[in-house]
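Q: Got a file for you: start32.json, JSON, C-alpha atoms.
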[["chain", "number", "residue", "atom", "x", "y", "z"],
["A", 13, "MET", "CA", 0.00, 0.00, 0.00],
["A", 14, "ALA", "CA", 2.77, 2.38, 0.95],
["A", 15, "ARG", "CA", 4.39, 1.69, -2.47],
["A", 16, "HIS", "CA", 1.46, 3.19, -4.31],
["A", 17, "SER", "CA", 0.75, 6.20, -2.15],
["A", 18, "LYS", "CA", 4.15, 7.77, -2.91],
["A", 19, "ALA", "CA", 3.79, 7.23, -6.65],
["A", 20, "GLU", "CA", 0.25, 8.47, -6.75],
["A", 21, "ALA", "CA", 1.39, 11.66, -5.11],
["A", 22, "HIS", "CA", 3.37, 12.35, -8.32],
["A", 23, "ALA", "CA", 0.63, 11.20, -10.65],
["A", 24, "ARG", "CA", -2.09, 13.16, -8.92],
["A", 25, "PRO", "CA", -1.93, 16.63, -10.53],
["A", 26, "GLN", "CA", -4.91, 16.48, -12.88],
["A", 27, "PRO", "CA", -5.43, 19.60, -14.96],
["A", 28, "ALA", "CA", -8.51, 21.62, -14.18],
["A", 29, "ARG", "CA", -9.91, 22.40, -17.61],
["A", 30, "ALA", "CA", -11.02, 25.92, -16.76],
["A", 31, "ARG", "CA", -7.52, 27.13, -15.85],
["A", 32, "PRO", "CA", -5.18, 28.85, -18.32],
["A", 33, "ALA", "CA", -2.41, 26.87, -20.02],
["A", 34, "GLN", "CA", 0.39, 28.52, -17.96],
["A", 35, "SER", "CA", -1.27, 27.41, -14.74],
["A", 36, "ARG", "CA", -1.71, 23.86, -16.03],
["A", 37, "ALA", "CA", 1.93, 23.70, -17.07],
["A", 38, "ALA", "CA", 2.92, 24.29, -13.45],
["A", 39, "ASP", "CA", 0.97, 21.14, -12.46],
["A", 40, "LEU", "CA", 3.13, 18.86, -14.62],
["A", 41, "ASP", "CA", 4.44, 15.70, -13.04],
["A", 42, "ARG", "CA", 8.07, 16.77, -12.62],
["A", 43, "LEU", "CA", 9.21, 13.21, -12.07],
["A", 44, "ILE", "CA", 8.57, 12.19, -15.68],
["A", 45, "HIS", "CA", 8.79, 15.62, -17.29],
["A", 46, "GLU", "CA", 12.58, 15.30, -17.62],
["A", 47, "PRO", "CA", 13.50, 13.83, -21.10],
["A", 48, "VAL", "CA", 15.52, 10.79, -19.98],
["A", 49, "ARG", "CA", 12.92, 9.81, -17.38],
["A", 50, "LEU", "CA", 10.11, 10.37, -19.89],
["A", 51, "GLY", "CA", 12.04, 8.18, -22.35],
["A", 52, "ILE", "CA", 12.46, 5.39, -19.78],
["A", 53, "VAL", "CA", 8.75, 5.41, -18.89],
["A", 54, "SER", "CA", 7.69, 5.56, -22.58],
["A", 55, "ALA", "CA", 9.98, 2.67, -23.56],
["A", 56, "LEU", "CA", 8.80, 0.52, -20.66],
["A", 57, "ALA", "CA", 5.18, 1.25, -21.58],
["A", 58, "VAL", "CA", 5.61, -0.84, -24.75],
["A", 59, "ASN", "CA", 7.94, -3.52, -23.33],
["A", 60, "ASP", "CA", 7.27, -5.78, -20.35],
["A", 61, "THR", "CA", 10.88, -5.41, -19.26],
["A", 62, "MET", "CA", 14.04, -3.75, -20.56],
["A", 63, "THR", "CA", 17.60, -4.16, -19.35],
["A", 64, "PHE", "CA", 19.81, -1.27, -18.33],
["A", 65, "ASN", "CA", 21.88, -1.63, -21.51],
["A", 66, "GLU", "CA", 18.82, -1.77, -23.76],
["A", 67, "LEU", "CA", 17.54, 1.47, -22.25],
["A", 68, "LYS", "CA", 20.99, 3.03, -22.54],
["A", 69, "ASP", "CA", 21.19, 2.10, -26.25],
["A", 70, "LEU", "CA", 17.66, 3.29, -26.93],
["A", 71, "LEU", "CA", 17.98, 6.62, -25.16],
["A", 72, "LYS", "CA", 21.60, 7.17, -26.25],
["A", 73, "THR", "CA", 22.69, 8.25, -22.81],
["A", 74, "THR", "CA", 25.55, 7.44, -20.46],
["A", 75, "ASP", "CA", 25.62, 4.83, -17.69],
["A", 76, "GLY", "CA", 25.76, 7.52, -15.01],
["A", 77, "ASN", "CA", 22.95, 9.61, -16.44],
["A", 78, "LEU", "CA", 20.62, 6.65, -16.94],
["A", 79, "SER", "CA", 21.44, 5.32, -13.49],
["A", 80, "VAL", "CA", 20.58, 8.62, -11.78],
["A", 81, "HIS", "CA", 17.27, 9.02, -13.62],
["A", 82, "ALA", "CA", 16.25, 5.38, -13.24],
["A", 83, "ARG", "CA", 16.93, 5.64, -9.51],
["A", 84, "LYS", "CA", 14.62, 8.67, -9.27],
["A", 85, "LEU", "CA", 11.85, 6.76, -11.04],
["A", 86, "GLU", "CA", 12.44, 3.83, -8.71],
["A", 87, "GLU", "CA", 12.21, 6.09, -5.68],
["A", 88, "GLY", "CA", 8.95, 7.44, -7.03],
["A", 89, "GLN", "CA", 7.72, 3.83, -7.47],
["A", 90, "TYR", "CA", 7.16, 4.45, -11.19],
["A", 91, "VAL", "CA", 9.52, 1.66, -12.21],
["A", 92, "ALA", "CA", 10.59, -1.52, -10.47],
["A", 93, "CYS", "CA", 14.12, -2.84, -10.80],
["A", 94, "ASP", "CA", 15.37, -6.43, -10.63],
["A", 95, "LYS", "CA", 19.07, -7.22, -10.38],
["A", 96, "PHE", "CA", 20.23, -10.74, -11.18],
["A", 97, "PHE", "CA", 23.03, -12.75, -12.75],
["A", 98, "GLU", "CA", 22.80, -14.31, -16.21],
["A", 99, "GLY", "CA", 25.66, -16.78, -16.01],
["A", 100, "ARG", "CA", 28.35, -14.60, -14.51],
["A", 101, "VAL", "CA", 27.10, -11.36, -16.02],
["A", 102, "PRO", "CA", 25.14, -9.04, -13.73],
["A", 103, "ARG", "CA", 21.91, -7.75, -15.28],
["A", 104, "THR", "CA", 19.63, -4.95, -14.23],
["A", 105, "GLU", "CA", 16.10, -5.14, -15.57],
["A", 106, "TYR", "CA", 13.39, -2.52, -15.31],
["A", 107, "ARG", "CA", 9.62, -2.71, -15.64],
["A", 108, "LEU", "CA", 6.89, -0.12, -15.38],
["A", 109, "THR", "CA", 4.67, -0.27, -12.28],
["A", 110, "ALA", "CA", 0.92, 0.38, -12.34],
["A", 111, "ALA", "CA", 1.62, 3.78, -10.79],
["A", 112, "GLY", "CA", 4.16, 4.53, -13.55],
["A", 113, "ARG", "CA", 1.67, 3.58, -16.26],
["A", 114, "ARG", "CA", -1.00, 5.80, -14.70],
["A", 115, "ALA", "CA", 1.53, 8.64, -14.42],
["A", 116, "LEU", "CA", 2.36, 8.37, -18.14],
["A", 117, "GLU", "CA", -1.33, 8.35, -19.07],
["A", 118, "THR", "CA", -1.92, 11.41, -16.88],
["A", 119, "TYR", "CA", 1.09, 13.11, -18.45],
["A", 120, "LEU", "CA", -0.22, 12.40, -21.96],
["A", 121, "ASP", "CA", -3.65, 13.77, -20.99],
["A", 122, "HIS", "CA", -1.91, 16.80, -19.57],
["A", 123, "MET", "CA", 0.04, 17.46, -22.77],
["A", 124, "GLU", "CA", -3.09, 17.10, -24.90],
["A", 125, "ALA", "CA", -5.00, 19.45, -22.59],
["A", 126, "LEU", "CA", -2.18, 22.01, -22.82],
["A", 127, "ILE", "CA", -2.29, 21.88, -26.62],
["A", 128, "ARG", "CA", -6.08, 22.25, -26.63],
["A", 129, "ALA", "CA", -5.94, 25.13, -24.13],
["A", 130, "THR", "CA", -3.30, 27.11, -26.05],
["A", 131, "ARG", "CA", -5.21, 26.62, -29.31],
["A", 132, "GLU", "CA", -8.45, 27.81, -27.73],
["A", 133, "SER", "CA", -6.88, 30.84, -26.02],
["B", 24, "MET", "CA", 24.57, 39.02, -26.95],
["B", 25, "LYS", "CA", 22.85, 35.70, -27.57],
["B", 26, "LEU", "CA", 19.07, 35.78, -27.38],
["B", 27, "ALA", "CA", 17.24, 32.88, -25.73],
["B", 28, "LYS", "CA", 14.88, 31.05, -28.08],
["B", 29, "VAL", "CA", 11.27, 31.53, -27.05],
["B", 30, "VAL", "CA", 9.30, 28.27, -27.16],
["B", 31, "SER", "CA", 5.56, 28.30, -26.59],
["B", 32, "ILE", "CA", 3.88, 25.86, -24.21],
["B", 33, "ASN", "CA", 2.01, 24.47, -27.20],
["B", 34, "GLU", "CA", 5.23, 23.72, -29.10],
["B", 35, "ARG", "CA", 6.81, 22.15, -26.03],
["B", 36, "ALA", "CA", 3.77, 19.92, -25.45],
["B", 37, "LEU", "CA", 3.77, 18.84, -29.10],
["B", 38, "ASP", "CA", 7.51, 18.09, -28.90],
["B", 39, "ASN", "CA", 6.95, 16.02, -25.76],
["B", 40, "LEU", "CA", 4.18, 14.00, -27.38],
["B", 41, "LYS", "CA", 6.36, 13.44, -30.46],
["B", 42, "TYR", "CA", 9.26, 12.33, -28.26],
["B", 43, "ILE", "CA", 7.02, 9.84, -26.38],
["B", 44, "ARG", "CA", 5.67, 8.42, -29.65],
["B", 45, "GLU", "CA", 9.13, 8.10, -31.22],
["B", 46, "THR", "CA", 10.58, 6.46, -28.11],
["B", 47, "MET", "CA", 7.71, 3.97, -28.02],
["B", 48, "GLU", "CA", 8.19, 3.22, -31.73],
["B", 49, "ARG", "CA", 11.91, 2.65, -31.37],
["B", 50, "ALA", "CA", 11.47, 0.58, -28.20],
["B", 51, "GLY", "CA", 8.53, -1.57, -29.11],
["B", 52, "SER", "CA", 6.90, -1.56, -32.48],
["B", 53, "PHE", "CA", 10.00, -1.28, -34.66],
["B", 54, "THR", "CA", 11.68, -4.41, -35.84],
["B", 55, "ALA", "CA", 15.00, -4.46, -37.64],
["B", 56, "VAL", "CA", 13.71, -7.48, -39.58],
["B", 57, "PRO", "CA", 13.00, -6.22, -43.09],
["B", 58, "GLY", "CA", 9.49, -7.03, -44.34],
["B", 59, "TRP", "CA", 10.07, -6.09, -47.99],
["B", 60, "GLY", "CA", 13.36, -8.01, -47.91],
["B", 61, "GLY", "CA", 11.46, -11.06, -46.62],
["B", 62, "ILE", "CA", 9.01, -10.81, -49.52],
["B", 63, "LEU", "CA", 11.88, -10.67, -52.05],
["B", 64, "MET", "CA", 13.58, -13.62, -50.35],
["B", 65, "GLY", "CA", 10.29, -15.54, -50.55],
["B", 66, "VAL", "CA", 9.88, -14.84, -54.26],
["B", 67, "SER", "CA", 13.45, -15.93, -55.05],
["B", 68, "ALA", "CA", 12.92, -19.12, -52.98],
["B", 69, "LEU", "CA", 9.73, -19.93, -54.92],
["B", 70, "LEU", "CA", 11.61, -19.51, -58.21],
["B", 71, "THR", "CA", 14.44, -21.71, -56.91],
["B", 72, "ALA", "CA", 11.93, -24.40, -55.84],
["B", 73, "LEU", "CA", 10.48, -24.33, -59.35],
["B", 74, "VAL", "CA", 13.90, -24.59, -61.02],
["B", 75, "SER", "CA", 15.37, -27.15, -58.62],
["B", 76, "SER", "CA", 12.39, -29.50, -59.01],
["B", 77, "ARG", "CA", 13.44, -29.96, -62.69],
["B", 78, "LEU", "CA", 17.12, -30.61, -62.04],
["B", 79, "PRO", "CA", 18.35, -34.15, -62.80],
["B", 80, "SER", "CA", 20.72, -34.78, -59.88],
["B", 81, "ASN", "CA", 20.94, -34.21, -56.14],
["B", 82, "SER", "CA", 24.19, -32.31, -56.56],
["B", 83, "LEU", "CA", 22.57, -29.81, -58.93],
["B", 84, "TRP", "CA", 19.57, -29.52, -56.58],
["B", 85, "PHE", "CA", 22.01, -28.79, -53.75],
["B", 86, "ALA", "CA", 23.91, -26.21, -55.84],
["B", 87, "ALA", "CA", 20.65, -24.43, -56.73],
["B", 88, "TRP", "CA", 19.63, -24.08, -53.06],
["B", 89, "LEU", "CA", 23.16, -23.09, -52.04],
["B", 90, "GLY", "CA", 22.99, -20.29, -54.60],
["B", 91, "GLU", "CA", 19.57, -19.33, -53.27],
["B", 92, "ALA", "CA", 20.97, -19.20, -49.69],
["B", 93, "VAL", "CA", 23.73, -16.80, -50.80],
["B", 94, "LEU", "CA", 21.23, -14.66, -52.72],
["B", 95, "ALA", "CA", 18.77, -14.61, -49.78],
["B", 96, "LEU", "CA", 21.55, -13.63, -47.38],
["B", 97, "ALA", "CA", 22.51, -10.75, -49.67],
["B", 98, "ILE", "CA", 18.86, -9.63, -50.05],
["B", 99, "GLY", "CA", 18.28, -9.87, -46.29],
["B", 100, "GLY", "CA", 21.45, -7.96, -45.42],
["B", 101, "TRP", "CA", 20.76, -5.24, -47.99],
["B", 102, "ALA", "CA", 17.13, -4.89, -46.86],
["B", 103, "MET", "CA", 18.17, -4.63, -43.19],
["B", 104, "VAL", "CA", 20.59, -1.82, -44.03],
["B", 105, "GLN", "CA", 17.89, -0.01, -46.04],
["B", 106, "LYS", "CA", 15.33, -0.36, -43.25],
["B", 107, "ALA", "CA", 17.76, 0.82, -40.58],
["B", 108, "ARG", "CA", 18.70, 3.83, -42.75],
["B", 109, "ALA", "CA", 15.05, 4.72, -43.30],
["B", 110, "ALA", "CA", 14.47, 4.61, -39.53],
["B", 111, "GLU", "CA", 17.69, 6.59, -38.95],
["B", 112, "SER", "CA", 18.84, 3.77, -36.70],
["B", 113, "PRO", "CA", 22.42, 2.42, -36.88],
["B", 114, "VAL", "CA", 22.52, -1.07, -38.44],
["B", 115, "LEU", "CA", 25.03, -2.54, -36.02],
["B", 116, "GLU", "CA", 23.48, -1.11, -32.87],
["B", 117, "GLY", "CA", 20.21, -1.68, -31.06],
["B", 118, "PRO", "CA", 17.61, -4.00, -32.62],
["B", 119, "GLY", "CA", 19.63, -4.76, -35.78],
["B", 120, "ARG", "CA", 22.70, -5.86, -33.85],
["B", 121, "LYS", "CA", 20.66, -8.02, -31.50],
["B", 122, "PHE", "CA", 18.84, -9.69, -34.37],
["B", 123, "ALA", "CA", 22.02, -10.35, -36.38],
["B", 124, "LEU", "CA", 23.97, -11.71, -33.39],
["B", 125, "SER", "CA", 21.12, -13.94, -32.24],
["B", 126, "LEU", "CA", 20.65, -15.25, -35.77],
["B", 127, "CYS", "CA", 24.29, -16.36, -36.12],
["B", 128, "PRO", "CA", 24.66, -19.46, -33.87],
["B", 129, "ALA", "CA", 21.88, -21.51, -35.48],
["B", 130, "MET", "CA", 22.91, -20.37, -38.98],
["B", 131, "ILE", "CA", 26.51, -21.46, -38.35],
["B", 132, "ALA", "CA", 25.24, -24.80, -36.99],
["B", 133, "GLY", "CA", 23.14, -25.17, -40.16],
["B", 134, "ALA", "CA", 26.16, -24.48, -42.39],
["B", 135, "GLU", "CA", 28.28, -27.06, -40.53],
["B", 136, "LEU", "CA", 25.56, -29.71, -40.72],
["B", 137, "THR", "CA", 25.17, -29.01, -44.44],
["B", 138, "LEU", "CA", 28.86, -29.77, -44.98],
["B", 139, "VAL", "CA", 28.50, -33.06, -43.11],
["B", 140, "PHE", "CA", 25.32, -34.01, -45.00],
["B", 141, "TYR", "CA", 26.97, -33.22, -48.33],
["B", 142, "ARG", "CA", 30.06, -35.23, -47.44],
["B", 143, "TYR", "CA", 28.01, -38.33, -46.61],
["B", 144, "ASP", "CA", 25.41, -37.84, -49.40],
["B", 145, "LEU", "CA", 22.63, -37.26, -46.87],
["B", 146, "PHE", "CA", 20.65, -34.94, -49.20],
["B", 147, "PRO", "CA", 17.23, -36.00, -47.81],
["B", 148, "MET", "CA", 18.24, -34.60, -44.39],
["B", 149, "MET", "CA", 19.01, -31.15, -45.78],
["B", 150, "PRO", "CA", 15.58, -29.52, -46.29],
["B", 151, "GLY", "CA", 14.30, -30.41, -42.81],
["B", 152, "ALA", "CA", 17.54, -29.37, -41.10],
["B", 153, "TRP", "CA", 17.71, -26.08, -43.03],
["B", 154, "LEU", "CA", 14.10, -25.15, -42.28],
["B", 155, "LEU", "CA", 14.35, -26.24, -38.65],
["B", 156, "LEU", "CA", 17.61, -24.40, -37.94],
["B", 157, "TYR", "CA", 16.54, -21.29, -39.83],
["B", 158, "GLY", "CA", 13.41, -21.35, -37.66],
["B", 159, "VAL", "CA", 15.55, -21.64, -34.52],
["B", 160, "ALA", "CA", 17.69, -18.72, -35.73],
["B", 161, "VAL", "CA", 14.62, -16.54, -36.32],
["B", 162, "VAL", "CA", 13.08, -17.50, -32.95],
["B", 163, "THR", "CA", 16.27, -16.57, -31.08],
["B", 164, "GLY", "CA", 16.70, -13.40, -33.15],
["B", 165, "GLY", "CA", 13.03, -12.57, -32.63],
["B", 166, "ALA", "CA", 13.26, -12.97, -28.87],
["B", 167, "PHE", "CA", 14.35, -9.31, -28.85],
["B", 168, "SER", "CA", 11.89, -8.21, -31.50],
["B", 169, "VAL", "CA", 8.15, -7.81, -32.07],
["B", 170, "ARG", "CA", 6.02, -10.94, -31.53],
["B", 171, "VAL", "CA", 5.45, -11.71, -35.21],
["B", 172, "VAL", "CA", 9.17, -12.53, -35.71],
["B", 173, "PRO", "CA", 9.38, -15.46, -33.23],
["B", 174, "ILE", "CA", 5.99, -16.68, -34.55],
["B", 175, "MET", "CA", 7.55, -16.78, -38.03],
["B", 176, "GLY", "CA", 10.48, -18.76, -36.57],
["B", 177, "VAL", "CA", 8.17, -21.30, -34.92],
["B", 178, "SER", "CA", 6.32, -21.72, -38.25],
["B", 179, "PHE", "CA", 9.64, -22.50, -39.98],
["B", 180, "MET", "CA", 10.45, -25.01, -37.23],
["B", 181, "ALA", "CA", 7.07, -26.72, -37.73],
["B", 182, "ILE", "CA", 7.58, -27.07, -41.50],
["B", 183, "GLY", "CA", 11.16, -28.22, -40.91],
["B", 184, "THR", "CA", 9.99, -30.92, -38.52],
["B", 185, "LEU", "CA", 7.45, -32.17, -41.07],
["B", 186, "ALA", "CA", 10.14, -32.15, -43.78],
["B", 187, "LEU", "CA", 12.53, -34.20, -41.62],
["B", 188, "PHE", "CA", 9.97, -37.01, -41.40],
["B", 189, "SER", "CA", 8.75, -36.85, -45.01],
["B", 190, "PRO", "CA", 10.06, -38.38, -48.26],
["B", 191, "PHE", "CA", 12.78, -36.47, -50.11],
["B", 192, "ARG", "CA", 10.60, -36.16, -53.21],
["B", 193, "TRP", "CA", 8.46, -33.66, -51.26],
["B", 194, "ALA", "CA", 11.53, -31.54, -50.40],
["B", 195, "ASN", "CA", 10.85, -28.77, -52.91],
["B", 196, "TRP", "CA", 7.27, -28.39, -51.66],
["B", 197, "PHE", "CA", 8.50, -27.92, -48.10],
["B", 198, "MET", "CA", 11.23, -25.51, -49.22],
["B", 199, "ALA", "CA", 8.68, -23.53, -51.23],
["B", 200, "ALA", "CA", 6.23, -23.49, -48.30],
["B", 201, "GLY", "CA", 8.92, -22.42, -45.83],
["B", 202, "PHE", "CA", 11.48, -20.21, -47.53],
["B", 203, "GLY", "CA", 8.93, -19.11, -50.12],
["B", 204, "ALA", "CA", 5.43, -18.75, -48.66],
["B", 205, "LEU", "CA", 6.32, -18.06, -45.01],
["B", 206, "HIS", "CA", 8.78, -15.34, -46.01],
["B", 207, "ILE", "CA", 6.19, -13.70, -48.24],
["B", 208, "VAL", "CA", 3.29, -13.91, -45.74],
["B", 209, "PHE", "CA", 5.30, -12.71, -42.72],
["B", 210, "GLY", "CA", 7.17, -10.22, -44.89],
["B", 211, "ILE", "CA", 3.86, -8.58, -45.82],
["B", 212, "VAL", "CA", 2.78, -8.44, -42.15],
["B", 213, "ILE", "CA", 6.11, -6.94, -41.04],
["B", 214, "ALA", "CA", 6.26, -4.47, -43.94],
["B", 215, "ARG", "CA", 2.72, -3.22, -43.27],
["B", 216, "ARG", "CA", 2.80, -3.07, -39.49],
["B", 217, "TYR", "CA", 6.41, -2.66, -38.43],
["B", 218, "GLY", "CA", 8.10, -0.02, -40.48],
["B", 219, "GLY", "CA", 8.78, -1.59, -43.88]]
Show me this structure written as structure tokens.
A:
Amino acid sequence: MARHSKAEAHARPQPARARPAQSRAADLDRLIHEPVRLGIVSALAVNDTMTFNELKDLLKTTDGNLSVHARKLEEGQYVACDKFFEGRVPRTEYRLTAAGRRALETYLDHMEALIRATRES
Amino acid sequence: MKLAKVVSINERALDNLKYIRETMERAGSFTAVPGWGGILMGVSALLTALVSSRLPSNSLWFAAWLGEAVLALAIGGWAMVQKARAAESPVLEGPGRKFALSLCPAMIAGAELTLVFYRYDLFPMMPGAWLLLYGVAVVTGGAFSVRVVPIMGVSFMAIGTLALFSPFRWANWFMAAGFGALHIVFGIVIARRYGG
């Protein structure tokens, strides 16, 4: 239960449709608004699991950068991480949690609402 | 003095949506396996099956299919490069590299077995072994790809298994069904749904 409450705290900011676009932008889920973190969540949304190296190749980032951003998503309970050995090679595998999937859906809704709001204004 | 570029919220939101879509495409729905290349490989295999069924000796039959294997390899390699270029994805990195590396072990095993079969005149073993091992190669390569690729591999394995337990006179039918029809059918699916 405690796992979800922390993640939902990030996913919660739902845009109120009556507010102006600038105000809605301030509500953005900062945890996945950063490009590398948004990339990780988007990639895991279409794959059950991805290894650290697969994500690194896909997002064309460095070990350190990916590690820092993946850790933040883990802390926010948006992704879950499994570490194991395949033979003698250590592997780190990530998957998207239910909270992470909801956060991405909310983020997409948010982006679409921002586009609608700026077009209407 | 350098002026900061002003980006509207609308533009930023559109860029973010585009980035999400592109990342999802590259991560999930893109396969380095070339659909159009598969169709071409299928057509050349059908033609080879037609020609090889009229050849008078096993050695000529073998030579025809060996030539077809070289041609198919060239078509497949060329088509993979074209597809990777179109997707602006490096050929020897990411999905392409994984597919090529995973394809190799079973293909090498197939080549070695072919040498042994040829040496001991075991021509009737060849079609089943080729189809089966090509299927294994595609299944292992497809383990990192979209679901249709390993399904294609399993289909090759099924036809290969049937061919192994069938008379040699049916060999060209199995080769046409596998390397011809399966390549064409799955090639069309991949080309239409997974980026060409």
Q: Please list as a list in words every residue within 7 Å of region 68-73 of chain B, counting all atoms listed in the file and excluding residues in the same chain fewer than 5 positions away.
A: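 Everything that qualifies: Ala87, Trp88, Glu91, Asn195, Met198, Ala199, Phe202 and Gly203 of chain B.
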Q: Can you build me a table of chain A residues sitting at most 6 Å from chain B, with the closest atom pair per residue and its distance in Å to one decimal, using all atoms listed in the file, sorted by chain and residue number, as a tab-separated table?
A:
residue	atom	partner	partner_atom	distance
A:Ser54	CA	B:Met47	CA	5.7
A:Ala55	CA	B:Met47	CA	5.2
A:Val58	CA	B:Gly51	CA	5.3
A:Met123	CA	B:Ala36	CA	5.2
A:Ile127	CA	B:Asn33	CA	5.1
Q: Could you tell me how far CA of Val171 (chain B) sits from CA of Val212 (chain B), in Å to one decimal place?
A: 8.1 Å
Q: For Glu105 (chain A), which of A:Met62, A:Tyr90, A:Thr73, A:Leu67 is the closest residue, counting only C-alpha atoms?
A: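 Looking at the shortest contact to Glu105 (chain A), the residue is A:Met62.
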Q: Need to verify the contact set: Arg113 (chain A), 10 Å, all atoms listed in the file, exclusion of same-chain residues closer than 5 positions in sequence. Can you return it as a PyMOL selection string?
A: chain A and resi 23+53-54+56-57+90-91+108+118-119
Q: Could you check how far CA of Ile207 (chain B) sits from CA of Pro128 (chain B), in Å to one decimal?
A: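 Calculated distance between CA of Ile207 (chain B) and CA of Pro128 (chain B) is 24.1 Å.
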Q: Counting only C-alpha atoms, select every polymer residue within 10 Å of (1.8, -16.7, -40.3) as defined in the file's coordinates, and provide the selection as a PyMOL selection string.
A: chain B and resi 171-172+174-179+204-210+212
Q: Go ahead and save the picked residues with C-alpha atoms, as a tab-separated table (two decimals), in the frame of the given file.
A:
chain	number	residue	atom	x	y	z
B	171	VAL	CA	5.45	-11.71	-35.21
B	172	VAL	CA	9.17	-12.53	-35.71
B	174	ILE	CA	5.99	-16.68	-34.55
B	175	MET	CA	7.55	-16.78	-38.03
B	176	GLY	CA	10.48	-18.76	-36.57
B	177	VAL	CA	8.17	-21.30	-34.92
B	178	SER	CA	6.32	-21.72	-38.25
B	179	PHE	CA	9.64	-22.50	-39.98
B	204	ALA	CA	5.43	-18.75	-48.66
B	205	LEU	CA	6.32	-18.06	-45.01
B	206	HIS	CA	8.78	-15.34	-46.01
B	207	ILE	CA	6.19	-13.70	-48.24
B	208	VAL	CA	3.29	-13.91	-45.74
B	209	PHE	CA	5.30	-12.71	-42.72
B	210	GLY	CA	7.17	-10.22	-44.89
B	212	VAL	CA	2.78	-8.44	-42.15
